[in-house]
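Note sheet for the following structure.
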Amino acid sequence: MLKQISLIFLALFATISFAQDEMPNNIDDVITWSWEVEYTSADEATITMRVAQKNGWHIYSQIQPEGAIPLPTEFDYNDGKNLDKDFKLVGATKEYGAELIDNDGFPERSFHGNRAKFVQKIKILSKKDFEINLYYGYMACKTACLAPEYRNKIISIKGTDNIDAADFPEAIIDGGDEAIIDSLDIPDPIISPIGFQAYSYKITDTEYELVIKPEVPEKWFLLNDVQINYSGEIDNLDNANNNTFKDTILLTGTHSIYNGGEFRQTVSVDTSKEDFNSIIGTISFSGLDSLGNKFISEQAEVKISLDEALDKPIDSSGGSDSYWGIFWLAFGGGLFALLTPCVFPMIPMTVSFFTKGSENKKKGLFRGVMYGFFILLIYVLLSVPFHLMDSLNPNILNNIATNGPLNIFFFIMLFVFALSFLGAFEIVLPAKWTNKADKKSDLGGLIGIFFMALTLALVSFSCTGPILGSLLASASGGGAWNLTWGMAGFGLALGLPFALFAIFPSWLNGLPKSGGWLNNVKVVLGFLELAFAFKFLSNADLSIQAHLLERELFIAIWVAIFAALTLYLFGLFQTKHDSPITGGLGTFRVMIATLSLMFTVYMIPGMFGAPLKMISAFPPPPSYSEIPYGIHGTPPSDVPEGAEYEHGMAVFHDLDAAEKYAAEVDKPLMLDFTGLNCVNCRKMEVNVWSDESVHHIMADEFVVVSLFIDERTALPKPEISPYSGMTLTTKGEKWADLQSSLYGKATQPQYIALDRKGNQINQDATYKSHGKPVLFKKWLEDAATYYETPVFYGTIIYE
């Protein structure tokens, strides 16, 4: 009642302000109702109510969206108090021709054009004739509104005893202008709320993939009878066999409906023709409106420009390239381990044992090769438990790798290992472990060889442990398979020399003799371990946001470590286990010392804001700094509310705020799934985002939101994930769940471009697939081009 009173006052105010010559004297001058009763069987009838709308005036749908101001049209069939006595309603009143529009920011459903139609089916219960006293209300508007109108209509209905075959399908017409009623029998086409976005991917110079993506509004449905015919200079397309797309069907009730995805067709074009660069697609379709009424379309026509074809997305779903990268990195670490005093002297001793202690050469060769294989197998088996954890939760290893306390543990472990390499003390495993493995090695056959390999792995732990620990800590954030490939690379590097020297024993004569140089290698590795130790301390600091080890201090520590390494290599000091330097420094050592000096000098500007692209993966990000905007710098004044000024542009960290701002400025939204401790994320930000050709596209054409999957900030209250059903307690858990559930990955970085409706535009971008500025620029340009691709709307009519 309050709403109706307010609408009356609104209508009166609008009437005063409306031009007098445009205002009708009476609502009946612009809105005319007509009534029709049609008997469809011996006890069923259909009441059709048609509305003629004149001079641009219109009425409103029965159902209005939330926030709508206009009064909806309403019907009450029980004003005569005989509902369910003389008749009953069959379903709700259907309406035809209503459209959902945005009226200066206020959504509304109204009838535009010159007509509207309502239909109500009834079941006749009375044997005698009776009347339905229909009470109905409606509101008419143009640029102003007339006062809401409430009326009664008496509709005469025959009882079942008085209905005969002559009554159907003829109609009994009550009141109204017959000319108007006849014209209302032919429905006007209306603009379809279902649109189609069309674009293409270039596969080769003559081959393209045509893509048509439906845009279906909420509560409307597109039926799966879509037919698309293409015309143009096409060589290999048979339209008759490519009309219906069955791969996007969801069966719902009696209708087969479209349930997301695109309609794709690969074609070859004749590039010798002048108009080869444009293809026309005509689309026929049907659907259901928000009230369940079925409609059919007149053909919608879309134009697909091949000149603006996007590059075919790179499939980054597999991880073979990144696995090989981890494998070779670990393989290099294994080669370093071979040069340590714990492992290098074992090579000639073990190989000689196999070759000289066997009855024949073939048996010695076989035992040497199996020894190398078992070393590889032992290290691979160490990764198996991580697969069990990974199968429970794809983010568990990521959570472990970014956990603050665990990173502090890694720091302490590597710091202790570094001190051991530098000669402070010796780390050995418990003697009973090695003794047990050594006793088992006396067994014959393959079992004995296996335990010999295990003995090597245990006794060499004091040298291999620090290197292996660094590799495992770095790889753990990428999942269990990263660990397996890393272990395989490390084990292969350790085992391969034993197998090769067993095959080619004469190579042993070319090996350098053990001596003081082995301790030099160990000390150099100690300095490197010390540098990596502070990387894990930085990870812990980032995880808990303590700001104790910010970018400038981290770089200063590395400068000090590598400066000390440089002095050591130049022979300005020695450790207690080093042999005295006689005859001067070797050429190779001087070269390594010079490289260390160059690297130290290179890092010094980083303490004052230089990006240091060469080591971008290791220091904290530039935003985690004492001077995030540079010396004496300040952020610009036009940073949107809720965003931070990072990487030279506005970056959001709250998804809701970013979505709202993207809608305001009408720009695509770029999701940046990242991590505070993500190595490849820092590489992308420093080496790719900073590139001028990439940076201006991101800053000017996108709204960027960085979602840190390892952020430990607690949510205001625990949430239940709508995707996985898990209980989420931190922001990082929320973003990690969103990433793995919707976008199928648990590794970072991952970049997703979204359109106006939150749908993914093109395939995701990752460091592996788009780790170069030219590739990431193209990905951004394709997303921006798609975002600006117009949506084509046809017209529809109701059956």
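Each chain in the structure tokens gets a letter, A, B, ..., in the order shown, and its residues are numbered from 1; ligands are numbered from 1 in order too.
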
### Message
Taking the DSSP secondary structure from the backbone, can you list the residues of range 574-788 of chain A that are helix (DSSP H, G or I), as a VMD selection string?
### Response
chain A and resid 587 to 608 613 to 615 655 to 665 679 to 689 692 to 701 731 to 743 767 to 770 773 to 788

Resulting file, chosen residues, C-alpha atoms, as a PDB file, in the first residue's frame:
```pdb
ATOM      1  CA  THR A 587      93.281 -19.318 -13.802  1.00  0.00           C
ATOM      2  CA  PHE A 588      89.865 -20.936 -13.308  1.00  0.00           C
ATOM      3  CA  ARG A 589      89.703 -19.755  -9.691  1.00  0.00           C
ATOM      4  CA  VAL A 590      90.568 -16.173 -10.703  1.00  0.00           C
ATOM      5  CA  MET A 591      87.819 -16.221 -13.345  1.00  0.00           C
ATOM      6  CA  ILE A 592      85.222 -17.443 -10.815  1.00  0.00           C
ATOM      7  CA  ALA A 593      86.420 -14.788  -8.329  1.00  0.00           C
ATOM      8  CA  THR A 594      86.038 -12.068 -10.969  1.00  0.00           C
ATOM      9  CA  LEU A 595      82.492 -13.211 -11.797  1.00  0.00           C
ATOM     10  CA  SER A 596      81.656 -13.141  -8.089  1.00  0.00           C
ATOM     11  CA  LEU A 597      83.013  -9.588  -7.843  1.00  0.00           C
ATOM     12  CA  MET A 598      80.956  -8.482 -10.868  1.00  0.00           C
ATOM     13  CA  PHE A 599      77.816 -10.017  -9.354  1.00  0.00           C
ATOM     14  CA  THR A 600      78.445  -8.249  -6.033  1.00  0.00           C
ATOM     15  CA  VAL A 601      78.824  -4.864  -7.718  1.00  0.00           C
ATOM     16  CA  TYR A 602      75.699  -5.546  -9.834  1.00  0.00           C
ATOM     17  CA  MET A 603      73.558  -6.003  -6.702  1.00  0.00           C
ATOM     18  CA  ILE A 604      74.582  -2.768  -4.947  1.00  0.00           C
ATOM     19  CA  PRO A 605      72.114  -0.475  -6.873  1.00  0.00           C
ATOM     20  CA  GLY A 606      69.317  -2.820  -5.789  1.00  0.00           C
ATOM     21  CA  MET A 607      69.573  -1.380  -2.292  1.00  0.00           C
ATOM     22  CA  PHE A 608      68.424   1.944  -3.768  1.00  0.00           C
ATOM     23  CA  LYS A 613      66.149  -8.443 -13.211  1.00  0.00           C
ATOM     24  CA  MET A 614      68.900 -11.071 -13.126  1.00  0.00           C
ATOM     25  CA  ILE A 615      67.909 -12.180  -9.610  1.00  0.00           C
ATOM     26  CA  LEU A 655      38.192  -9.387  -5.761  1.00  0.00           C
ATOM     27  CA  ASP A 656      34.844  -7.737  -4.969  1.00  0.00           C
ATOM     28  CA  ALA A 657      36.344  -4.232  -5.091  1.00  0.00           C
ATOM     29  CA  ALA A 658      38.130  -5.045  -8.351  1.00  0.00           C
ATOM     30  CA  GLU A 659      34.956  -6.406  -9.978  1.00  0.00           C
ATOM     31  CA  LYS A 660      33.015  -3.301  -8.968  1.00  0.00           C
ATOM     32  CA  TYR A 661      35.678  -0.961 -10.337  1.00  0.00           C
ATOM     33  CA  ALA A 662      36.008  -2.969 -13.591  1.00  0.00           C
ATOM     34  CA  ALA A 663      32.253  -2.572 -14.127  1.00  0.00           C
ATOM     35  CA  GLU A 664      32.474   1.172 -13.457  1.00  0.00           C
ATOM     36  CA  VAL A 665      35.262   1.797 -15.968  1.00  0.00           C
ATOM     37  CA  VAL A 679      59.698 -17.295  -7.533  1.00  0.00           C
ATOM     38  CA  ASN A 680      58.213 -17.258 -11.032  1.00  0.00           C
ATOM     39  CA  CYS A 681      55.702 -14.577 -10.014  1.00  0.00           C
ATOM     40  CA  ARG A 682      58.575 -12.212  -9.196  1.00  0.00           C
ATOM     41  CA  LYS A 683      60.208 -13.055 -12.534  1.00  0.00           C
ATOM     42  CA  MET A 684      57.004 -12.157 -14.395  1.00  0.00           C
ATOM     43  CA  GLU A 685      56.527  -8.903 -12.490  1.00  0.00           C
ATOM     44  CA  VAL A 686      60.107  -7.669 -12.876  1.00  0.00           C
ATOM     45  CA  ASN A 687      60.956  -9.022 -16.335  1.00  0.00           C
ATOM     46  CA  VAL A 688      57.597  -9.033 -18.162  1.00  0.00           C
ATOM     47  CA  TRP A 689      55.204  -6.599 -16.475  1.00  0.00           C
ATOM     48  CA  GLU A 692      57.018  -0.831 -21.630  1.00  0.00           C
ATOM     49  CA  SER A 693      54.926  -2.535 -24.339  1.00  0.00           C
ATOM     50  CA  VAL A 694      53.248  -4.734 -21.717  1.00  0.00           C
ATOM     51  CA  HIS A 695      53.006  -2.243 -18.880  1.00  0.00           C
ATOM     52  CA  HIS A 696      50.932   0.380 -20.689  1.00  0.00           C
ATOM     53  CA  ILE A 697      48.357  -2.249 -21.794  1.00  0.00           C
ATOM     54  CA  MET A 698      47.962  -3.560 -18.255  1.00  0.00           C
ATOM     55  CA  ALA A 699      47.765  -0.077 -16.738  1.00  0.00           C
ATOM     56  CA  ASP A 700      45.436   1.479 -19.339  1.00  0.00           C
ATOM     57  CA  GLU A 701      43.230  -1.341 -20.635  1.00  0.00           C
ATOM     58  CA  LYS A 731      42.185 -15.126   2.361  1.00  0.00           C
ATOM     59  CA  GLY A 732      44.916 -17.269   0.869  1.00  0.00           C
ATOM     60  CA  GLU A 733      42.819 -20.414   1.269  1.00  0.00           C
ATOM     61  CA  LYS A 734      39.897 -18.628  -0.412  1.00  0.00           C
ATOM     62  CA  TRP A 735      41.956 -17.587  -3.443  1.00  0.00           C
ATOM     63  CA  ALA A 736      43.691 -20.981  -3.704  1.00  0.00           C
ATOM     64  CA  ASP A 737      40.307 -22.746  -3.638  1.00  0.00           C
ATOM     65  CA  LEU A 738      38.962 -20.368  -6.299  1.00  0.00           C
ATOM     66  CA  GLN A 739      41.981 -20.993  -8.521  1.00  0.00           C
ATOM     67  CA  SER A 740      42.044 -24.776  -8.279  1.00  0.00           C
ATOM     68  CA  SER A 741      38.248 -25.175  -8.499  1.00  0.00           C
ATOM     69  CA  LEU A 742      37.442 -22.777 -11.356  1.00  0.00           C
ATOM     70  CA  TYR A 743      40.683 -22.581 -13.299  1.00  0.00           C
ATOM     71  CA  TYR A 767      55.127 -18.145 -16.632  1.00  0.00           C
ATOM     72  CA  LYS A 768      55.710 -21.295 -18.651  1.00  0.00           C
ATOM     73  CA  SER A 769      53.482 -20.325 -21.574  1.00  0.00           C
ATOM     74  CA  HIS A 770      53.840 -16.527 -21.567  1.00  0.00           C
ATOM     75  CA  PRO A 773      57.096  -9.857 -22.945  1.00  0.00           C
ATOM     76  CA  VAL A 774      56.110 -10.470 -26.575  1.00  0.00           C
ATOM     77  CA  LEU A 775      53.989 -13.506 -25.619  1.00  0.00           C
ATOM     78  CA  PHE A 776      52.293 -11.853 -22.655  1.00  0.00           C
ATOM     79  CA  LYS A 777      51.637  -8.706 -24.698  1.00  0.00           C
ATOM     80  CA  LYS A 778      49.872 -10.775 -27.351  1.00  0.00           C
ATOM     81  CA  TRP A 779      47.794 -12.521 -24.681  1.00  0.00           C
ATOM     82  CA  LEU A 780      46.709  -9.151 -23.270  1.00  0.00           C
ATOM     83  CA  GLU A 781      45.923  -7.757 -26.736  1.00  0.00           C
ATOM     84  CA  ASP A 782      43.786 -10.786 -27.598  1.00  0.00           C
ATOM     85  CA  ALA A 783      41.824 -10.463 -24.351  1.00  0.00           C
ATOM     86  CA  ALA A 784      41.296  -6.728 -24.909  1.00  0.00           C
ATOM     87  CA  THR A 785      40.205  -7.330 -28.528  1.00  0.00           C
ATOM     88  CA  TYR A 786      37.697  -9.965 -27.452  1.00  0.00           C
ATOM     89  CA  TYR A 787      36.347  -7.694 -24.721  1.00  0.00           C
ATOM     90  CA  GLU A 788      35.584  -5.018 -27.313  1.00  0.00           C
TER      91      GLU A 788
END
```

### Query
When DSSP works through the backbone of this structure, what residues of range 9-168 of chain A end up as strand (DSSP E or B), shown as a ChimeraX atom specification?
/A:31-41,44-53,58,60,74-76,83,87-96,98-103,106-111,115-124,130-138,141,145,149-157

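Checking A:Glu646, A:Pro497, A:Tyr323, A:Arg712 one by one against Gln545 in chain A, counting only C-alpha atoms, you find the shortest gap at A:Arg712.
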
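We find CA of Glu99 in chain A and CA of Leu222 in chain A to be spaced 15.8 Å apart.
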
### Message
So, with only C-alpha atoms as the atoms that count, which of A:Phe652, A:Phe130, A:Phe196, A:Tyr258 lies closest to Lys158 in chain A?
### Response
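Under the stated criterion, the closest residue is A:Phe130.
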
### Message
Rounded to one decimal, what separation in Å do you get between CA of Phe708 in chain A and CA of Gly675 in chain A?
### Response
4.7 Å

### Task
Quick one: everything within 9 Å of Lys717 in chain A, counting only C-alpha atoms, minus sequence neighbours fewer than 2 positions away in the same chain. Send it as a PyMOL selection string.
chain A and resi 714-715+719+728-730

Keeping only N, CA and C atoms, write those residues as a PDB file, in the first residue's frame.
```pdb
ATOM      1  N   ALA A 714      43.328 -13.672   8.245  1.00  0.00           N
ATOM      2  CA  ALA A 714      42.107 -14.424   8.548  1.00  0.00           C
ATOM      3  C   ALA A 714      40.888 -13.741   7.938  1.00  0.00           C
ATOM      4  N   LEU A 715      39.950 -14.530   7.461  1.00  0.00           N
ATOM      5  CA  LEU A 715      38.668 -14.013   6.994  1.00  0.00           C
ATOM      6  C   LEU A 715      37.853 -13.539   8.205  1.00  0.00           C
ATOM      7  N   GLU A 719      34.359 -19.463   5.977  1.00  0.00           N
ATOM      8  CA  GLU A 719      33.432 -19.598   4.865  1.00  0.00           C
ATOM      9  C   GLU A 719      33.470 -21.027   4.332  1.00  0.00           C
ATOM     10  N   LEU A 728      37.021 -22.561   4.721  1.00  0.00           N
ATOM     11  CA  LEU A 728      38.107 -21.633   4.428  1.00  0.00           C
ATOM     12  C   LEU A 728      38.219 -20.627   5.562  1.00  0.00           C
ATOM     13  N   THR A 729      39.427 -20.431   6.067  1.00  0.00           N
ATOM     14  CA  THR A 729      39.619 -19.539   7.216  1.00  0.00           C
ATOM     15  C   THR A 729      40.505 -18.342   6.908  1.00  0.00           C
ATOM     16  N   THR A 730      41.292 -18.396   5.818  1.00  0.00           N
ATOM     17  CA  THR A 730      42.175 -17.281   5.466  1.00  0.00           C
ATOM     18  C   THR A 730      41.905 -16.832   4.036  1.00  0.00           C
TER      19      THR A 730
END
```

### Query
Skipping near chain neighbours, those fewer than 6 positions away, what residues fall within 12 Å of Asn103 in chain A using only C-alpha atoms, listed as a ChimeraX atom specification?
/A:67-70,109-110,142-143

### Message
Given only C-alpha atoms as the basis, pick out the residue of A:Glu215, A:Asp28, A:Asp164, A:Asp43 nearest to Ala140 in chain A.
### Response
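Closest residue, counting only C-alpha atoms: A:Asp28.
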
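The residue set within 7 Å of Thr766 in chain A, counting only C-alpha atoms and dropping same-chain residues fewer than 6 places from it, reads Pro749, Gln750 and Tyr751 of chain A.
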
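Distances here use only C-alpha atoms; by that measure, the residue among A:Ser383, A:Phe527, A:Ser690, A:Asn519 closest to Val416 in chain A is A:Phe527.
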
### Query
What separation in Å, quoted to one decimal, exists between CA of Ala546 in chain A and CA of Phe618 in chain A?
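CA of Phe618 in chain A lies 17.7 Å from CA of Ala546 in chain A.
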